[in-house]
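S.K.: Next up, final11.cif (mmCIF, C-alpha atoms).
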```cif
data_entry
loop_
_atom_site.label_atom_id
_atom_site.label_comp_id
_atom_site.auth_asym_id
_atom_site.auth_seq_id
_atom_site.Cartn_x
_atom_site.Cartn_y
_atom_site.Cartn_z
CA MET A 21 41.78 -5.52 -21.14
CA THR A 22 44.46 -5.80 -18.53
CA THR A 23 43.95 -7.58 -15.25
CA ASP A 24 44.42 -4.20 -13.53
CA LEU A 25 40.86 -3.31 -14.62
CA ARG A 26 39.35 -6.52 -13.31
CA PRO A 27 36.94 -5.78 -10.41
CA LYS A 28 37.94 -7.46 -7.15
CA SER A 29 34.73 -9.52 -7.08
CA VAL A 30 35.41 -11.06 -10.50
CA PRO A 31 37.43 -14.34 -10.35
CA PRO A 32 40.58 -14.73 -12.47
CA GLU A 33 38.96 -17.38 -14.72
CA ALA A 34 36.39 -14.87 -16.02
CA THR A 35 37.05 -13.15 -19.36
CA PHE A 36 35.92 -9.71 -20.46
CA ASP A 37 33.29 -9.23 -23.17
CA ALA A 38 33.92 -5.69 -24.41
CA ASP A 39 30.81 -5.60 -26.62
CA ALA A 40 28.48 -6.44 -23.73
CA ASN A 41 30.66 -4.73 -21.09
CA LEU A 42 30.44 -7.91 -19.01
CA TRP A 43 32.79 -10.40 -17.42
CA ARG A 44 31.98 -14.01 -18.29
CA ASP A 45 32.73 -17.37 -16.79
CA GLY A 46 31.07 -20.19 -18.70
CA GLY A 47 28.26 -19.90 -21.21
CA PRO A 48 24.75 -21.13 -22.08
CA ASN A 49 26.12 -24.53 -23.10
CA ASP A 50 28.07 -25.08 -19.88
CA SER A 51 26.87 -26.51 -16.57
CA ARG A 52 27.41 -23.13 -14.93
CA GLU A 53 27.33 -19.61 -16.36
CA ARG A 54 28.28 -16.50 -14.44
CA LEU A 55 28.18 -12.85 -15.54
CA TRP A 56 29.39 -9.69 -13.81
CA ILE A 57 28.79 -6.12 -14.95
CA HIS A 58 31.75 -3.80 -15.52
CA PRO A 59 33.23 -1.77 -13.93
CA SER A 60 31.51 -2.38 -10.57
CA GLY A 61 31.84 -6.18 -10.72
CA LEU A 62 28.27 -6.70 -9.44
CA LEU A 63 26.89 -10.15 -10.14
CA LEU A 64 24.35 -10.15 -12.97
CA LEU A 65 23.78 -13.89 -13.38
CA ASP A 66 24.78 -17.13 -11.71
CA ALA A 67 23.00 -19.99 -13.48
CA THR A 68 23.40 -23.75 -13.36
CA ARG A 69 22.12 -26.02 -16.13
CA LYS A 70 21.50 -29.69 -16.72
CA ASP A 71 21.25 -30.97 -20.29
CA GLY A 72 21.09 -27.36 -21.46
CA LYS A 73 18.15 -26.43 -19.21
CA LEU A 74 18.17 -24.19 -16.16
CA ASP A 75 18.29 -26.37 -13.07
CA GLY A 76 18.80 -25.46 -9.43
CA GLU A 77 19.10 -22.04 -7.80
CA ILE A 78 19.56 -19.21 -10.31
CA LYS A 79 20.71 -15.76 -9.20
CA TRP A 80 19.89 -12.68 -11.28
CA SER A 81 20.31 -9.00 -10.50
CA LEU A 82 19.69 -6.59 -13.35
CA GLY A 83 22.31 -3.87 -13.11
CA ILE A 84 23.54 -1.22 -15.53
CA HIS A 85 26.01 1.63 -15.57
CA GLN A 86 24.57 3.39 -18.62
CA MET A 87 21.12 3.41 -20.21
CA SER A 88 22.34 1.74 -23.40
CA GLU A 89 22.87 -1.43 -21.35
CA HIS A 90 19.29 -1.68 -20.08
CA ALA A 91 17.58 -3.09 -23.17
CA PRO A 92 20.21 -5.84 -23.71
CA ARG A 93 19.95 -6.83 -20.03
CA VAL A 94 16.15 -7.08 -20.20
CA ALA A 95 16.43 -9.06 -23.43
CA LEU A 96 18.85 -11.45 -21.72
CA GLN A 97 16.45 -11.88 -18.80
CA GLU A 98 13.64 -12.78 -21.21
CA ALA A 99 15.86 -15.13 -23.21
CA LEU A 100 16.75 -16.98 -20.01
CA GLY A 101 13.05 -17.42 -19.23
CA LEU A 102 13.28 -15.55 -15.93
CA PRO A 103 10.10 -14.02 -14.41
CA LYS A 104 9.32 -10.38 -13.70
CA GLY A 105 8.43 -9.09 -10.26
CA PRO A 106 8.58 -6.10 -7.91
CA ASN A 107 12.40 -6.10 -7.80
CA THR A 108 15.13 -6.61 -10.38
CA THR A 109 17.04 -8.98 -8.12
CA MET A 110 15.80 -12.54 -7.73
CA ILE A 111 16.76 -16.04 -6.68
CA ALA A 112 14.81 -18.41 -8.91
CA THR A 113 14.71 -22.16 -8.51
CA PHE A 114 14.31 -24.31 -11.61
CA ALA A 115 13.82 -28.04 -12.00
CA ASP A 116 14.70 -29.38 -15.45
CA GLY A 117 13.94 -26.01 -17.06
CA ALA A 118 10.70 -25.37 -15.17
CA LEU A 119 10.39 -22.54 -12.67
CA VAL A 120 9.23 -23.89 -9.29
CA GLN A 121 9.96 -20.95 -6.96
CA VAL A 122 11.21 -17.39 -7.14
CA CYS A 123 12.18 -14.91 -4.42
CA PHE A 124 12.40 -11.23 -5.39
CA ARG A 125 14.62 -9.01 -3.25
CA PRO A 126 16.02 -5.46 -3.26
CA GLY A 127 19.45 -7.16 -3.26
CA PHE A 128 20.88 -10.63 -2.69
CA ASP A 129 21.57 -9.94 0.98
CA PHE A 130 18.11 -8.48 1.70
CA PRO A 131 14.92 -10.23 2.86
CA ASP A 132 12.38 -11.34 0.27
CA THR A 133 9.88 -8.81 -1.03
CA LEU A 134 7.90 -11.46 -2.91
CA ARG A 135 8.07 -15.26 -2.91
CA VAL A 136 6.06 -17.33 -5.37
CA GLU A 137 5.78 -21.10 -5.68
CA LEU A 138 4.76 -22.70 -8.99
CA ARG A 139 3.91 -26.09 -10.42
CA ASP A 140 3.29 -27.00 -14.05
CA GLY A 141 3.62 -23.35 -15.07
CA VAL A 142 0.97 -21.92 -12.73
CA ILE A 143 1.09 -20.51 -9.22
CA ASP A 144 0.66 -23.42 -6.85
CA GLY A 145 1.61 -23.29 -3.18
CA ALA A 146 2.58 -20.31 -1.03
CA VAL A 147 2.88 -16.69 -2.04
CA GLU A 148 4.37 -14.18 0.41
CA TRP A 149 4.41 -10.48 -0.37
CA VAL A 150 5.67 -7.50 1.63
CA VAL A 151 2.92 -5.12 0.62
CA GLY A 152 3.92 -2.01 -1.32
CA PRO A 153 2.98 0.11 -4.35
CA VAL A 154 2.98 -1.79 -7.65
CA GLN A 155 2.56 -0.56 -11.20
CA GLY A 156 0.80 -3.25 -13.24
CA ALA A 157 1.34 -6.93 -12.50
CA LEU A 158 3.04 -8.07 -9.32
CA PHE A 159 4.45 -11.18 -11.04
CA GLU A 160 4.69 -12.35 -14.66
CA HIS A 161 6.09 -15.53 -16.16
CA ALA A 162 5.32 -17.51 -19.31
CA GLY A 163 1.71 -16.39 -19.56
CA THR A 164 1.07 -16.49 -15.80
CA THR A 165 0.20 -13.09 -14.33
CA LEU A 166 -0.44 -12.19 -10.70
CA LEU A 167 -2.19 -8.87 -10.07
CA PRO A 168 -2.02 -7.33 -6.59
CA LYS A 169 -5.77 -6.75 -6.54
CA VAL A 170 -6.36 -10.50 -6.19
CA PHE A 171 -5.34 -10.22 -2.52
CA LYS A 172 -7.95 -7.52 -1.76
CA ILE A 173 -5.50 -5.75 0.51
CA PRO A 174 -7.35 -3.84 3.25
CA LYS A 175 -6.52 -0.33 4.37
CA PRO A 176 -4.48 0.65 6.19
CA TRP A 177 -2.11 -1.70 4.39
CA PRO A 178 -0.81 -4.68 6.32
CA HIS A 179 2.95 -5.19 6.28
CA ARG A 180 2.80 -8.65 4.71
CA VAL A 181 0.32 -10.99 3.11
CA THR A 182 0.63 -14.78 2.89
CA ALA A 183 -1.61 -16.59 0.43
CA VAL A 184 -2.11 -20.20 -0.63
CA PHE A 185 -2.83 -21.07 -4.26
CA ALA A 186 -3.91 -24.37 -5.78
CA LYS A 187 -3.50 -24.76 -9.55
CA GLY A 188 -3.56 -21.01 -10.06
CA LYS A 189 -6.60 -20.36 -7.85
CA LEU A 190 -6.40 -18.35 -4.63
CA LYS A 191 -7.59 -20.47 -1.70
CA SER A 192 -6.72 -18.46 1.41
CA THR A 193 -5.18 -15.15 2.48
CA THR A 194 -3.68 -14.06 5.79
CA TYR A 195 -2.48 -10.57 6.66
CA PHE A 196 0.28 -9.65 9.11
CA SER A 197 1.50 -6.49 10.84
CA LYS A 198 5.20 -5.59 10.84
CA ASP A 199 5.76 -7.34 14.17
CA GLY A 200 4.32 -10.58 12.74
CA THR A 201 0.93 -10.34 14.44
CA THR A 202 -1.95 -11.79 12.44
CA LEU A 203 -4.47 -9.09 11.52
CA ASP A 204 -8.20 -9.60 11.79
CA VAL A 205 -9.70 -7.90 8.71
CA SER A 206 -13.07 -9.61 8.77
CA LYS A 207 -16.00 -7.36 7.92
CA THR A 208 -18.92 -7.27 10.33
CA ALA A 209 -22.28 -5.93 9.20
CA LEU A 210 -23.82 -3.44 11.60
CA THR A 211 -27.42 -4.12 12.56
CA ALA A 212 -27.90 -0.76 14.30
CA TRP A 213 -26.12 2.18 12.73
CA GLY A 214 -28.52 5.10 13.07
CA GLU A 215 -30.86 4.38 10.19
CA ASP A 216 -33.76 5.97 12.11
CA ALA A 217 -31.83 9.12 13.10
CA GLU A 218 -33.64 12.45 12.82
CA ALA A 219 -32.13 15.80 11.91
CA SER A 220 -33.10 17.18 15.31
CA THR A 221 -31.05 14.53 17.12
CA LEU A 222 -27.78 15.30 15.31
CA ALA A 223 -27.13 18.33 17.51
CA GLY A 224 -25.16 17.16 20.53
CA TYR A 225 -24.03 13.93 18.83
CA ILE A 226 -20.46 14.38 20.11
CA GLU A 227 -21.24 15.95 23.50
CA ARG A 228 -23.73 13.21 24.42
CA GLY A 229 -20.98 10.64 23.88
CA ASP A 230 -22.74 9.09 20.88
CA PHE A 231 -19.77 9.65 18.56
CA ALA A 232 -17.32 7.91 20.89
CA ALA A 233 -19.79 5.08 21.52
CA ASP A 234 -20.51 4.53 17.83
CA ALA A 235 -16.79 4.68 16.97
CA ALA A 236 -16.03 2.01 19.57
CA ARG A 237 -18.93 -0.15 18.40
CA PHE A 238 -18.28 0.23 14.67
CA PHE A 239 -14.52 -0.31 14.82
CA PRO A 240 -13.67 -2.09 18.08
CA LYS A 241 -10.39 -3.61 16.86
CA ALA A 242 -8.99 -0.60 14.98
CA PRO A 243 -5.92 1.18 16.41
CA ARG A 244 -6.75 4.49 18.07
CA VAL A 245 -5.68 7.91 16.84
CA SER A 246 -2.85 9.50 18.80
CA LYS A 247 -2.89 13.27 18.32
CA PRO A 248 -2.24 16.18 20.71
CA GLY A 249 -5.16 18.34 21.74
CA SER A 250 -6.05 21.55 19.95
CA GLU A 251 -6.97 24.78 21.73
CA LYS A 252 -8.41 26.08 18.48
CA VAL A 253 -10.78 23.14 18.16
CA ARG A 254 -11.80 23.60 21.79
CA ALA A 255 -12.91 27.16 20.99
CA VAL A 256 -16.36 25.87 19.96
CA PRO A 257 -18.61 23.79 22.26
CA ALA A 258 -18.73 20.67 20.10
CA GLY A 259 -15.01 21.12 19.50
CA ARG A 260 -14.27 20.87 23.20
CA ALA A 261 -16.17 17.57 23.33
CA LEU A 262 -14.43 16.29 20.20
CA ASP A 263 -11.01 17.25 21.55
CA ASP A 264 -11.76 15.27 24.70
CA VAL A 265 -12.59 12.21 22.59
CA VAL A 266 -9.35 12.54 20.64
CA LEU A 267 -7.25 12.96 23.78
CA GLY A 268 -9.06 10.05 25.42
CA GLY A 269 -8.16 7.67 22.59
CA GLY A 270 -11.74 7.34 21.43
CA VAL A 271 -11.18 7.98 17.72
CA PRO A 272 -10.33 4.85 15.72
CA SER A 273 -7.79 4.90 12.91
CA MET A 274 -9.89 4.18 9.82
CA THR A 275 -8.07 5.69 6.80
CA LEU A 276 -10.24 4.24 4.01
CA ALA A 277 -12.74 7.05 3.51
CA PHE A 278 -11.25 9.53 5.98
CA ASP A 279 -8.69 9.88 8.77
CA PHE A 280 -7.71 12.22 11.60
CA ASP A 281 -4.07 12.70 10.58
CA SER A 282 -4.78 16.37 9.93
CA TYR A 283 -6.47 16.93 13.31
CA GLY A 284 -5.31 20.18 14.88
CA PHE A 285 -3.60 21.39 11.69
CA ASP A 286 -2.91 25.11 12.16
CA CYS A 287 -3.78 26.56 8.75
CA LYS A 288 -2.33 30.01 9.38
CA LYS A 289 0.88 28.82 11.02
CA GLU A 290 1.47 26.26 8.28
CA GLU A 291 0.56 28.83 5.59
CA LEU A 292 -1.98 26.54 3.97
CA TYR A 293 -2.36 27.67 0.36
CA GLY A 294 -5.72 29.40 -0.08
CA ALA A 295 -6.75 28.89 3.55
CA ALA A 296 -3.98 30.50 5.62
CA ASP A 297 -6.50 32.02 7.98
CA ASP A 298 -6.43 31.98 11.77
CA LYS A 299 -10.10 30.94 11.83
CA TYR A 300 -9.38 27.56 10.19
CA VAL A 301 -8.07 24.45 11.94
CA GLY A 302 -7.81 20.94 10.54
CA ILE A 303 -10.13 18.17 11.74
CA ALA A 304 -9.90 15.29 9.26
CA SER A 305 -9.03 14.34 5.69
CA ASP A 306 -10.94 12.23 3.24
CA GLY A 307 -9.53 9.35 1.20
CA SER A 308 -8.48 11.63 -1.65
CA GLY A 309 -6.43 13.88 0.61
CA GLU A 310 -8.89 16.79 0.82
CA MET A 311 -9.08 18.31 4.31
CA PHE A 312 -12.08 19.18 6.45
CA LEU A 313 -11.42 22.44 8.28
CA LEU A 314 -13.33 23.80 11.25
CA ASP A 315 -14.25 27.47 11.03
CA VAL A 316 -13.93 28.46 14.69
CA THR A 317 -15.89 31.69 14.10
CA THR A 318 -19.04 29.84 12.99
CA GLY A 319 -18.61 26.23 14.12
CA ALA A 320 -19.19 25.08 10.54
CA VAL A 321 -16.90 22.75 8.61
CA VAL A 322 -15.54 23.45 5.12
CA ARG A 323 -13.85 21.11 2.67
CA TYR A 324 -10.42 22.22 1.50
CA ALA A 325 -9.31 21.21 -2.02
CA HIS A 326 -5.52 20.94 -1.85
CA GLU A 327 -4.83 21.23 -5.60
CA GLU A 328 -7.00 24.32 -6.12
CA GLY A 329 -6.34 25.83 -2.68
CA THR A 330 -10.04 26.55 -2.20
CA VAL A 331 -12.61 25.97 0.52
CA ALA A 332 -16.28 25.12 0.08
CA PRO A 333 -19.15 24.54 2.53
CA ALA A 334 -19.30 20.95 3.75
CA PHE A 335 -21.08 20.46 7.10
CA THR A 336 -22.97 22.91 9.25
CA SER A 337 -21.36 21.57 12.42
CA LEU A 338 -18.82 19.14 13.86
CA ASP A 339 -21.74 16.94 14.93
CA HIS A 340 -22.82 16.55 11.30
CA LEU A 341 -19.22 15.85 10.24
CA ALA A 342 -18.65 13.20 12.91
CA PHE A 343 -22.00 11.49 12.30
CA ALA A 344 -21.46 11.38 8.54
CA LEU A 345 -17.80 10.45 8.21
CA LEU A 346 -18.04 7.60 10.69
CA ARG A 347 -20.80 6.05 8.57
CA VAL A 348 -19.14 6.77 5.23
CA GLU A 349 -16.11 4.86 6.52
CA ALA A 350 -18.29 1.95 7.64
CA ALA A 351 -20.09 1.85 4.29
CA ALA A 352 -16.78 1.92 2.43
CA LYS A 353 -15.86 -1.19 4.41
CA LYS A 354 -19.21 -2.80 3.47
CA MET A 355 -20.50 -2.72 7.03
CA ILE A 356 -23.50 -0.55 6.10
CA PRO A 357 -25.58 -0.84 2.89
CA LYS A 358 -24.75 2.20 0.77
CA ALA A 359 -28.25 2.58 -0.68
CA LYS A 360 -29.85 2.81 2.77
CA LEU A 361 -27.15 5.15 4.04
CA SER A 362 -27.57 7.39 1.00
CA ALA A 363 -31.30 7.56 1.68
CA LEU A 364 -30.59 8.54 5.30
CA PHE A 365 -28.14 11.26 4.29
CA LYS A 366 -30.66 12.71 1.84
CA ARG A 367 -33.41 12.67 4.46
CA LEU A 368 -31.14 14.44 6.95
CA GLY A 369 -30.00 17.00 4.38
CA LEU A 370 -26.35 15.87 4.56
CA THR A 371 -25.54 16.67 0.93
CA MET A 372 -21.76 16.52 1.33
CA ALA A 373 -22.00 13.16 3.11
CA ASP A 374 -24.02 11.71 0.24
CA ALA A 375 -21.50 13.04 -2.28
CA LEU A 376 -18.62 11.47 -0.29
CA LEU A 377 -20.47 8.17 -0.16
CA LYS A 378 -20.46 8.00 -3.96
CA GLU A 379 -16.64 8.23 -3.98
CA TYR A 380 -16.24 4.91 -2.19
#
```
Reformat the file's structure so that it appears as structure tokens.
M.R.:
Amino acid sequence: MTTDLRPKSVPPEATFDADANLWRDGGPNDSRERLWIHPSGLLLLDATRKDGKLDGEIKWSLGIHQMSEHAPRVALQEALGLPKGPNTTMIATFADGALVQVCFRPGFDFPDTLRVELRDGVIDGAVEWVVGPVQGALFEHAGTTLLPKVFKIPKPWPHRVTAVFAKGKLKSTTYFSKDGTTLDVSKTALTAWGEDAEASTLAGYIERGDFAADAARFFPKAPRVSKPGSEKVRAVPAGRALDDVVLGGGVPSMTLAFDFDSYGFDCKKEELYGAADDKYVGIASDGSGEMFLLDVTTGAVVRYAHEEGTVAPAFTSLDHLAFALLRVEAAAKKMIPKAKLSALFKRLGLTMADALLKEY
């Protein structure tokens, strides 16, 4: 290969390996080994060794230009004894062949997505993770596996979690918002949550101010929903009261069992499949993405199944919906005992609420 085909990022001392389609400088038996992929010249590996063992800061970024290169690259990563994580780019620190820290990144010039400290082959020290979807293990290395569920990430997801491990055992966990603020995710059991409620007292639950009061008491530290008002919702008496609560910032953002992201959704205007009717307007969604729609002609609430495009009876009124969903959310967060809440729902005839409770 002529030097005309050498990528600009590849130094003149590197030689081309046509079989691997890589540029090489040094090898496994040298104190430093560097590899670049061709033709882009992106760095694949920069490794230093002492007495034949990885030692110091090792850079690795799995890159390919054709699928036939993927398996050999993965095999090389395994042969080097490098860990697996949420990204294919990492800066791993070794001491005499033992991994002591690794930082996974989207690219070398990006912030860390995951940082793990190890000692004697197990996680020991700090772990920092920018929370995101993960398929399978979050981290794997030489028999050590870290699953994301160990952190018990609350919903809505925090931006970042910092944990401390000692000899492979999780000792503490702290959650942070995107601006670096520490999040309080402690669970508080509710001593008074309406266990003695009667069916006759559910009517007027929103208009009396009970919904807003319970929401503030149940979830005092939760962010508040910010949604515009809805003239359609205000077409029914309880809807007018609910709309006032929404506009007044009285609805907390809960998002585990249900949320108000679909509040005011105009089903006809948005041509909602199977429910594109002017009589329907969105109120809330449950944790599986199904919507609760207010029928403004009756004041009842139906549950909309998004995959089937069908509606089914759910609650006889907005009062029943508000009373039930607030408590389902609290039970999902272990603030209310599910068995007692289920008994209450059955006594009040809230069949849909009891069914939702079983989903969380």
S.K.: Selection in question (the file shown): the PyMOL selection byres ((chain A and resi 299-310) around 7). Which residues does it include, as a CSV table (one decimal) with C-alpha atoms, in the coordinates of the input?
M.R.:
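Below is the file that was written, selection.csv:
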```csv
chain,number,residue,atom,x,y,z
A,252,LYS,CA,-8.4,26.1,18.5
A,253,VAL,CA,-10.8,23.1,18.2
A,275,THR,CA,-8.1,5.7,6.8
A,276,LEU,CA,-10.2,4.2,4.0
A,277,ALA,CA,-12.7,7.0,3.5
A,278,PHE,CA,-11.2,9.5,6.0
A,279,ASP,CA,-8.7,9.9,8.8
A,280,PHE,CA,-7.7,12.2,11.6
A,281,ASP,CA,-4.1,12.7,10.6
A,282,SER,CA,-4.8,16.4,9.9
A,283,TYR,CA,-6.5,16.9,13.3
A,284,GLY,CA,-5.3,20.2,14.9
A,285,PHE,CA,-3.6,21.4,11.7
A,286,ASP,CA,-2.9,25.1,12.2
A,287,CYS,CA,-3.8,26.6,8.8
A,297,ASP,CA,-6.5,32.0,8.0
A,298,ASP,CA,-6.4,32.0,11.8
A,311,MET,CA,-9.1,18.3,4.3
A,312,PHE,CA,-12.1,19.2,6.4
A,313,LEU,CA,-11.4,22.4,8.3
A,314,LEU,CA,-13.3,23.8,11.2
A,315,ASP,CA,-14.2,27.5,11.0
A,316,VAL,CA,-13.9,28.5,14.7
A,317,THR,CA,-15.9,31.7,14.1
A,323,ARG,CA,-13.8,21.1,2.7
A,324,TYR,CA,-10.4,22.2,1.5
A,325,ALA,CA,-9.3,21.2,-2.0
A,326,HIS,CA,-5.5,20.9,-1.8
```
S.K.: Check the smallest atom-to-atom distance from each of A:Leu262, A:Val151, A:Ala219, A:Ala146 to A:Ala186 using all atoms listed in the file, then report the winner.
M.R.: A:Ala146
S.K.: Got a sec to resolve the PyMOL selection byres ((chain A and resi 80) around 6) on this structure and send the residues as a VMD selection string?
M.R.: chain A and resid 64 to 65 79 81 109 to 110
S.K.: Under the rule that all atoms listed in the file are counted, which of A:Arg26, A:Arg139, A:Lys104, A:Arg54 is the nearest residue to A:His161?
M.R.: A:Lys104
S.K.: Between A:Ala352, A:Glu98, A:Gly76, A:Gly127, which residue has the minimum interatomic distance to A:Leu62, considering all atoms listed in the file?
M.R.: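 Nearest candidate to A:Leu62 out of A:Ala352, A:Glu98, A:Gly76, A:Gly127: A:Gly127.
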S.K.: Please list as a compact mmCIF listing (two decimals) with C-alpha atoms, keeping the file's coordinate frame every residue within 8 Å of A:Val271, counting all atoms listed in the file and excluding residues in the same chain fewer than 6 positions away.
M.R.:
```txt
# COMPACT_ATOMS: atom_id res chain seq x y z
CA ALA A 232 -17.32 7.91 20.89
CA ALA A 235 -16.79 4.68 16.97
CA ALA A 236 -16.03 2.01 19.57
CA ARG A 244 -6.75 4.49 18.07
CA VAL A 245 -5.68 7.91 16.84
CA VAL A 265 -12.59 12.21 22.59
```
S.K.: In Å, rounded to a single decimal, give me how far atom CA of A:Phe124 is from atom CA of A:Phe159.
M.R.: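 Separating atom CA of A:Phe159 from atom CA of A:Phe124 is a distance of 9.8 Å.
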S.K.: Any idea what the distance is between atom CA of A:Phe185 and atom CA of A:Gly145?
M.R.: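 Interatomic distance, atom CA of A:Phe185 to atom CA of A:Gly145: 5.1 Å.
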S.K.: Mind pulling up the distance from atom CA of A:Glu77 to atom CA of A:Lys189?
M.R.: 25.8 Å
S.K.: For A:Pro333, please output as a ChimeraX atom specification all residues within 9 Å (counting only C-alpha atoms; exclusion window: fewer than 2 positions along the same chain).
M.R.: /A:320-323,331,335-336,372
S.K.: Given the file shown, determine the residues that the PyMOL selection byres ((chain A and resi 211) around 9) selects; report them as an NGL selection string.
M.R.: :A and (209-210 or 212-213 or 355-356)
S.K.: Could you build a table of the residues in stretch 92-143 of chain A lying no more than 10 Å from stretch 171-182 of chain A, giving for each the nearest pair of atoms and their separation in Å rounded to one decimal place, using all atoms listed in the file, ordered by chain and ascending residue number, as a Markdown table?
M.R.:
```
| residue | atom | partner | partner_atom | distance |
| --- | --- | --- | --- | --- |
| A:Thr133 | CA | A:Arg180 | CA | 9.1 |
| A:Leu134 | CA | A:Arg180 | CA | 9.6 |
| A:Arg135 | CA | A:Thr182 | CA | 9.4 |
```
S.K.: Please list as a ChimeraX atom specification every residue within 10 Å of A:Gly214, counting only C-alpha atoms and excluding residues in the same chain fewer than 2 positions away.
M.R.: /A:210-212,216-218,234,343,347,361,364
S.K.: So that I can check the surroundings of A:Ala99, please list as a list in words every protein, DNA and RNA residue that reaches within 12 Å of it, counting all atoms listed in the file and ignoring chain neighbours fewer than 5 positions away.
M.R.: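 Here the qualifying residues turn out to be Pro48, Leu74, Pro92, Arg93, Val94 and Ala162 of chain A.
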S.K.: Could you check which of A:Leu138, A:Ala38, A:Ala255, A:Ile78 is closest to A:Ala112, using only C-alpha atoms?
M.R.: A:Ile78
S.K.: Name the residues in contact with A:Asp204 at a cut-off of 9 Å, using only C-alpha atoms, excluding same-chain residues fewer than 4 positions from it; report them as a list in words.
M.R.: Thr194, Tyr195, Phe196 and Lys241 of chain A
S.K.: Would you please work out which residue, of A:Glu33, A:Gly46, A:Glu137, A:Lys247, is nearest to A:Lys187 when using all atoms listed in the file?
M.R.: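 Going through A:Glu33, A:Gly46, A:Glu137, A:Lys247 one by one, the smallest distance to A:Lys187 is for A:Glu137.
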S.K.: Between A:Phe128, A:Pro106, A:Val170, A:Phe231, single out the one closest to A:Leu158, counting only C-alpha atoms.
M.R.: A:Pro106
S.K.: Extending 6 Å beyond the listed atoms of stretch 110-117 of chain A on each side, what axis-aligned box results? I want centre and edge lengths in Å to one decimal, as lines of an AutoDock Vina configuration file.
M.R.:
```
center_x = 15.3
center_y = -21.0
center_z = -11.9
size_x = 14.9
size_y = 28.8
size_z = 22.4
```
